[in-house]
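Engineer: Can you keep this structure in mind? I'll have questions shortly.
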Amino acid sequence: MIRVVVQDAPIDIAAEHAAAEAPDVGAVATFTGLVRGDDGVTELALEHYPGATERALENLCHEAVDRWSLAGATIVHRVGPMVPGDRVVFVATTARHRGAALDACAFLIDRLKTGVPFWKRERRGGDARWVEARAGDDAAAARWN
Amino acid sequence: MIRVVVQDAPIDIAAEHAAAEAPDVGAVATFTGLVRGDDGVTELALEHYPGATERALENLCHEAVDRWSLAGATIVHRVGPMVPGDRVVFVATTARHRGAALDACAFLIDRLKTGVPFWKRERRGGDARWVEARAGDDAAAARWN
Amino acid sequence: MAIDVLYFAWVRESIGTGAERVEVPDTVTSVAGLIDWLAVRSEGHATAFVDRDRLRAAVDQVFVSLDTPIAGAREVAIFPPVTGG
Amino acid sequence: MAIDVLYFAWVRESIGTGAERVEVPDTVTSVAGLIDWLAVRSEGHATAFVDRDRLRAAVDQVFVSLDTPIAGAREVAIFPPVTGG
């Protein structure tokens with residue numbers, strides 16, 4: 001089962017986790033990205049490319065399901081303005097055994113960071129700037145090639 | 001922050017996840033193990049070694065926090081009788097960045113499987129048997145040495 | 001050839017719009033060629049496109065390199081490297 | 001030397017109790033020696049301890065190998081390989 005959602009609303013982890021659980025699933029791995037406030041960020045705004053974003057997320061999920069024989073893959077990504085502590089993204093993978101779920105979860109978030117059209121803008125008080133892509137993210141994504 | 005719980009009650013993922021989130025945390029990785037019912041199991045009972053189990057879980061969490069500079073590590077393990085679909089174990093790791101959280105989460109569940117005193121007994125209708133340890137679990141734990 | 005061109009993030013801000021429909025001459029054959037051709041439309045376009053290494057693109061919603069042909073394309077998006085997750 | 005010996009899982013079931021306090025002679029110096037000494041106490045003990053490769057142990061709640069000394073130990077646990085998680 002593949003579930004991809006791009007939404008303005010806060011991410012409900014309990015509901016998403018419960019929806020991912022299934023009778024033949026022995027392992028659920030999740031990753032949640034949060035807005036960090038420890039370096040002065042007061043707001044994080046997420047922009048996306050409607051249509052293309054969902055398609056890219058679905059393709060990623062299909063790739064993970066095929067590669068690790070997953071029971072399911074879920075990606076919920078929030079867009080719009082957020083504040084520190086808010087959940088930006090939730091990834092869940094389910095499988096019969098833990099190795100597949102854990103590896104596929106890492107794969108999805110690594111590849112999401114470099115291959116899906118989202119852009120972050122940070123605000124620190126009155127100052128706003130677009131977040132620059134990180135070379136480390138490219139390296140993390142490349143290890144799955 | 002380290003949180004270790006061994007409990008009879010069902011595991012509340014929403015509460016545990018929210019408790020793990022903190023202002024300097026950018027990444028939360030979790031692993032949840034479920035009772036699988038697809039091979040005829042009707043009940044899974046978990047026995048543990050009170051005192052020693054909690055100590056072993058705490059030691060594991062401290063090792064993970066030190067090794068990956070985590071903000072926190074949580075392990076909640078259920079004991080007693082369970083049915084298919086029930087959550088057996090929940091592991092959560094929090095860190096500033098995702099790599100540390102993801103690796104530490106895999107480390108904790110791999111090492112928990114081989115180094116913490118829990119024993120599983122499966123029931124299939126009228127037939128009960130103790131689950132045998134798996135060589136694959138030893139190999140998974142050994143990759144963190 | 002009519003193409004819908006979409007802009008995101010600071011490319012969008014520099015150009016001042018998120019989308020425009022343009023009639024592209026047949027001499028423009030690749031995404032890079034389209035960027036060259038768009039760059040002279042305004043100061044905002046020129047500023048957004050000054051450093052090609054910082055630009056990424058999608059043709060009909062599929063990520064592509066800038067040397068990709070645009071023959072038959074209906075929608076081309078031009079944007080900075082992505083930073084989601 | 002008085003030692004609390006704990007049993008878990010099928011070791012416990014075979015022996016028929018989860019804990020017993022035993023007075024161990026000074027000639028018993030290691031976990032393996034303790035197992036040898038306990039094995040003759042009953043048929044259940046003998047059955048539980050027949051295959052040493054399937055036994056694991058903890059001394060005062062710390063996992064140890066079977067050749068570990070037990071001098072000064074207050075609690076020794078004997079059990080199968082663990083299967084949690």
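Following the order of the structure tokens, first chain is A, next is B, and so on, with residues numbered from 1 inside each chain and ligands from 1 in the order they appear.
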With a cut-off of 8 Å, could you pull out the residues of segment 4-101 of chain B touching segment 3-16 of chain D and give me the nearest pair of atoms for each, distance in Å to one decimal, using only C-alpha atoms, ordered by chain and ascending number, as JSON lines?

Structural biologist:
```
{"residue": "B:Glu47", "atom": "CA", "partner": "D:Ala9", "partner_atom": "CA", "distance": 7.0}
{"residue": "B:His48", "atom": "CA", "partner": "D:Phe8", "partner_atom": "CA", "distance": 7.7}
{"residue": "B:Tyr49", "atom": "CA", "partner": "D:Phe8", "partner_atom": "CA", "distance": 7.5}
```

Engineer: Quick one: which chain A residues come within 12 Å of chain D, and what is the nearest atom pair for each with the distance in Å to one decimal, counting only C-alpha atoms, rows ordered by chain and ascending number, as a tab-separated table?

Structural biologist:
```
residue	atom	partner	partner_atom	distance
A:Gly26	CA	D:Gly85	CA	10.4
A:Ala27	CA	D:Gly85	CA	10.1
A:His97	CA	D:Gly85	CA	11.3
A:Arg98	CA	D:Gly85	CA	10.1
```

Engineer: Could you produce a table of the residues of chain B lying within 8 Å of chain A, with the nearest pair of atoms per residue and their separation in Å rounded to one decimal, using only C-alpha atoms, ordered by chain and increasing residue number, as a tab-separated table?

Structural biologist:
```
residue	atom	partner	partner_atom	distance
B:Ile13	CA	A:Ala14	CA	6.4
B:Ala14	CA	A:Ala14	CA	4.9
B:Glu21	CA	A:Gly85	CA	7.6
B:Ala22	CA	A:Gly85	CA	7.0
B:Pro23	CA	A:Gly85	CA	5.9
B:Asp24	CA	A:Asp38	CA	5.4
B:Val25	CA	A:Arg36	CA	6.1
B:Gly26	CA	A:Leu34	CA	4.7
B:Ala27	CA	A:Gly33	CA	4.8
B:Val28	CA	A:Thr32	CA	5.0
B:Ala29	CA	A:Phe31	CA	4.5
B:Thr30	CA	A:Thr30	CA	5.1
B:Phe31	CA	A:Ala29	CA	4.5
B:Thr32	CA	A:Val28	CA	5.0
B:Gly33	CA	A:Ala27	CA	4.8
B:Leu34	CA	A:Gly26	CA	4.7
B:Val35	CA	A:Gly26	CA	6.1
B:Arg36	CA	A:Gly26	CA	5.3
B:Gly37	CA	A:Pro23	CA	6.1
B:Asp38	CA	A:Asp24	CA	5.4
B:Pro84	CA	A:Pro23	CA	7.0
B:Gly85	CA	A:Pro23	CA	6.0
B:Arg96	CA	A:Arg36	CA	7.9
B:Arg98	CA	A:Gly33	CA	7.8
B:Leu102	CA	A:Ala106	CA	6.8
B:Ala106	CA	A:Leu102	CA	6.8
```

Engineer: Determine, counting only C-alpha atoms, which protein, DNA and RNA residues have an atom within 12 Å of an atom of Ala139 of chain A; residues of the same chain fewer than 3 positions away are not included. Present the result as an mmCIF file with C-alpha atoms, in the first residue's frame.

Structural biologist:
```
data_model
loop_
_atom_site.group_PDB
_atom_site.id
_atom_site.type_symbol
_atom_site.label_atom_id
_atom_site.label_comp_id
_atom_site.auth_asym_id
_atom_site.auth_seq_id
_atom_site.Cartn_x
_atom_site.Cartn_y
_atom_site.Cartn_z
ATOM 1 C CA ASP A 110 17.611 10.473 1.594
ATOM 2 C CA ARG A 111 16.133 10.489 -1.905
ATOM 3 C CA LYS A 113 15.832 15.412 0.132
ATOM 4 C CA THR A 114 17.421 15.609 -3.323
ATOM 5 C CA ALA A 133 20.956 22.548 -0.990
ATOM 6 C CA ARG A 134 23.628 20.599 0.908
ATOM 7 C CA ALA A 135 26.373 18.531 -0.729
ATOM 8 C CA GLY A 136 25.953 16.033 2.117
ATOM 9 C CA ALA A 142 23.955 8.676 -4.015
ATOM 10 C CA ARG A 143 24.723 5.779 -1.685
ATOM 11 C CA TRP A 144 21.442 4.150 -2.801
ATOM 12 C CA ASN A 145 22.402 4.173 -6.516
ATOM 13 C CA GLY B 99 21.820 10.137 9.737
#
```

Engineer: Write out as a PyMOL selection string each polymer residue whose atoms come within 6 Å of segment 28-33 of chain C, counting only C-alpha atoms; drop sequence neighbours fewer than 3 positions from it.

Structural biologist: chain C and resi 25+36+66-70

Engineer: Please produce an output containing N, CA, C and O atoms for each residue in the selection, written as a PDB file, in the first residue's frame.

Structural biologist:
```
ATOM      1  N   PRO C  25      10.265  30.108 -30.326  1.00  0.00           N
ATOM      2  CA  PRO C  25      10.628  29.862 -31.727  1.00  0.00           C
ATOM      3  C   PRO C  25      11.277  28.482 -31.894  1.00  0.00           C
ATOM      4  O   PRO C  25      11.828  27.933 -30.946  1.00  0.00           O
ATOM      5  N   ASP C  36      18.243  30.514 -22.080  1.00  0.00           N
ATOM      6  CA  ASP C  36      18.910  31.618 -22.801  1.00  0.00           C
ATOM      7  C   ASP C  36      17.880  32.570 -23.393  1.00  0.00           C
ATOM      8  O   ASP C  36      18.010  33.794 -23.311  1.00  0.00           O
ATOM      9  N   LEU C  66      19.723  20.057 -18.008  1.00  0.00           N
ATOM     10  CA  LEU C  66      19.430  21.262 -18.795  1.00  0.00           C
ATOM     11  C   LEU C  66      19.646  21.058 -20.294  1.00  0.00           C
ATOM     12  O   LEU C  66      19.134  21.837 -21.096  1.00  0.00           O
ATOM     13  N   ASP C  67      20.373  20.011 -20.682  1.00  0.00           N
ATOM     14  CA  ASP C  67      20.583  19.781 -22.121  1.00  0.00           C
ATOM     15  C   ASP C  67      19.464  18.945 -22.751  1.00  0.00           C
ATOM     16  O   ASP C  67      19.549  18.566 -23.922  1.00  0.00           O
ATOM     17  N   THR C  68      18.426  18.691 -21.996  1.00  0.00           N
ATOM     18  CA  THR C  68      17.313  17.873 -22.506  1.00  0.00           C
ATOM     19  C   THR C  68      16.511  18.615 -23.572  1.00  0.00           C
ATOM     20  O   THR C  68      16.210  19.803 -23.404  1.00  0.00           O
ATOM     21  N   PRO C  69      16.154  17.933 -24.673  1.00  0.00           N
ATOM     22  CA  PRO C  69      15.320  18.564 -25.721  1.00  0.00           C
ATOM     23  C   PRO C  69      13.932  18.928 -25.179  1.00  0.00           C
ATOM     24  O   PRO C  69      13.434  18.258 -24.269  1.00  0.00           O
ATOM     25  N   ILE C  70      13.334  19.946 -25.744  1.00  0.00           N
ATOM     26  CA  ILE C  70      11.993  20.338 -25.302  1.00  0.00           C
ATOM     27  C   ILE C  70      10.957  20.163 -26.405  1.00  0.00           C
ATOM     28  O   ILE C  70       9.822  20.633 -26.282  1.00  0.00           O
TER      29      ILE C  70
END
```

Engineer: Can you tell me which residues surround Asp60 of chain C at a distance of at most 10 Å, considering only C-alpha atoms, apart from same-chain residues fewer than 6 positions away, and format the answer as a PDB file with C-alpha atoms, in the first residue's frame?

Structural biologist:
```
ATOM      1  CA  ALA A  52       5.108  16.972  -9.950  1.00  0.00           C
TER       2      ALA A  52
ATOM      3  CA  ASP C   4       3.849  26.887 -19.931  1.00  0.00           C
ATOM      4  CA  ILE C  70      11.993  20.338 -25.302  1.00  0.00           C
ATOM      5  CA  GLY C  72       6.727  18.517 -27.793  1.00  0.00           C
ATOM      6  CA  ALA C  73       6.966  19.759 -24.210  1.00  0.00           C
ATOM      7  CA  ARG C  74       3.855  21.411 -22.772  1.00  0.00           C
ATOM      8  CA  GLU C  75       5.240  22.426 -19.366  1.00  0.00           C
ATOM      9  CA  VAL C  76       8.797  23.323 -18.391  1.00  0.00           C
ATOM     10  CA  ALA C  77       9.681  24.183 -14.791  1.00  0.00           C
TER      11      ALA C  77
END
```

Engineer: Write out as a VMD selection string all residues of chain B that DSSP puts in strand (DSSP E or B) for this structure's backbone.

Structural biologist: chain B and resid 2 to 7 27 to 34 43 to 48 72 to 78 80 to 82 87 to 95 118 to 124 127 to 130

Engineer: Can you pull out the residues contacting Ala100 of chain A? Cut-off 8 Å, using only C-alpha atoms, and skip same-chain residues under 6 positions away; I want them as a list in words.

Structural biologist: Trp68, Ser69 and Leu70 of chain A

Engineer: Taking into account only C-alpha atoms, which residue in the set C:Val82, C:Met1, C:Val22, C:Ala48 is nearest to Phe63 of chain C?

Structural biologist: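 Checking each of C:Val82, C:Met1, C:Val22, C:Ala48 against Phe63 of chain C, counting only C-alpha atoms, the winner is C:Val82.
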
Engineer: Any idea what's packed within 9 Å of Arg3 of chain B, counting only C-alpha atoms, ignoring anything in its chain fewer than 5 positions away? Could you give it as a ChimeraX atom specification?

Structural biologist: /B:20,58,61,72-76

Engineer: Since we have the selection now, will you write its residues out, keeping N, CA and C atoms, as a PDB file, in the first residue's frame?

Structural biologist:
```
ATOM      1  N   ALA B  20       9.290  12.311  22.779  1.00  0.00           N
ATOM      2  CA  ALA B  20      10.666  12.281  22.276  1.00  0.00           C
ATOM      3  C   ALA B  20      11.044  13.564  21.542  1.00  0.00           C
ATOM      4  N   GLU B  58      18.745   0.257  29.322  1.00  0.00           N
ATOM      5  CA  GLU B  58      19.346   1.564  29.635  1.00  0.00           C
ATOM      6  C   GLU B  58      20.791   1.634  29.141  1.00  0.00           C
ATOM      7  N   CYS B  61      20.754   2.217  25.428  1.00  0.00           N
ATOM      8  CA  CYS B  61      20.402   3.611  25.098  1.00  0.00           C
ATOM      9  C   CYS B  61      21.584   4.546  25.347  1.00  0.00           C
ATOM     10  N   GLY B  72      18.143  12.074  22.307  1.00  0.00           N
ATOM     11  CA  GLY B  72      17.422  11.151  23.170  1.00  0.00           C
ATOM     12  C   GLY B  72      17.244   9.787  22.552  1.00  0.00           C
ATOM     13  N   ALA B  73      16.927   8.821  23.416  1.00  0.00           N
ATOM     14  CA  ALA B  73      16.642   7.454  22.968  1.00  0.00           C
ATOM     15  C   ALA B  73      15.540   6.890  23.849  1.00  0.00           C
ATOM     16  N   THR B  74      14.562   6.273  23.217  1.00  0.00           N
ATOM     17  CA  THR B  74      13.414   5.688  23.918  1.00  0.00           C
ATOM     18  C   THR B  74      13.268   4.229  23.511  1.00  0.00           C
ATOM     19  N   ILE B  75      13.098   3.347  24.496  1.00  0.00           N
ATOM     20  CA  ILE B  75      12.700   1.970  24.195  1.00  0.00           C
ATOM     21  C   ILE B  75      11.531   1.613  25.105  1.00  0.00           C
ATOM     22  N   VAL B  76      10.409   1.246  24.492  1.00  0.00           N
ATOM     23  CA  VAL B  76       9.260   0.746  25.240  1.00  0.00           C
ATOM     24  C   VAL B  76       9.028  -0.684  24.767  1.00  0.00           C
TER      25      VAL B  76
END
```
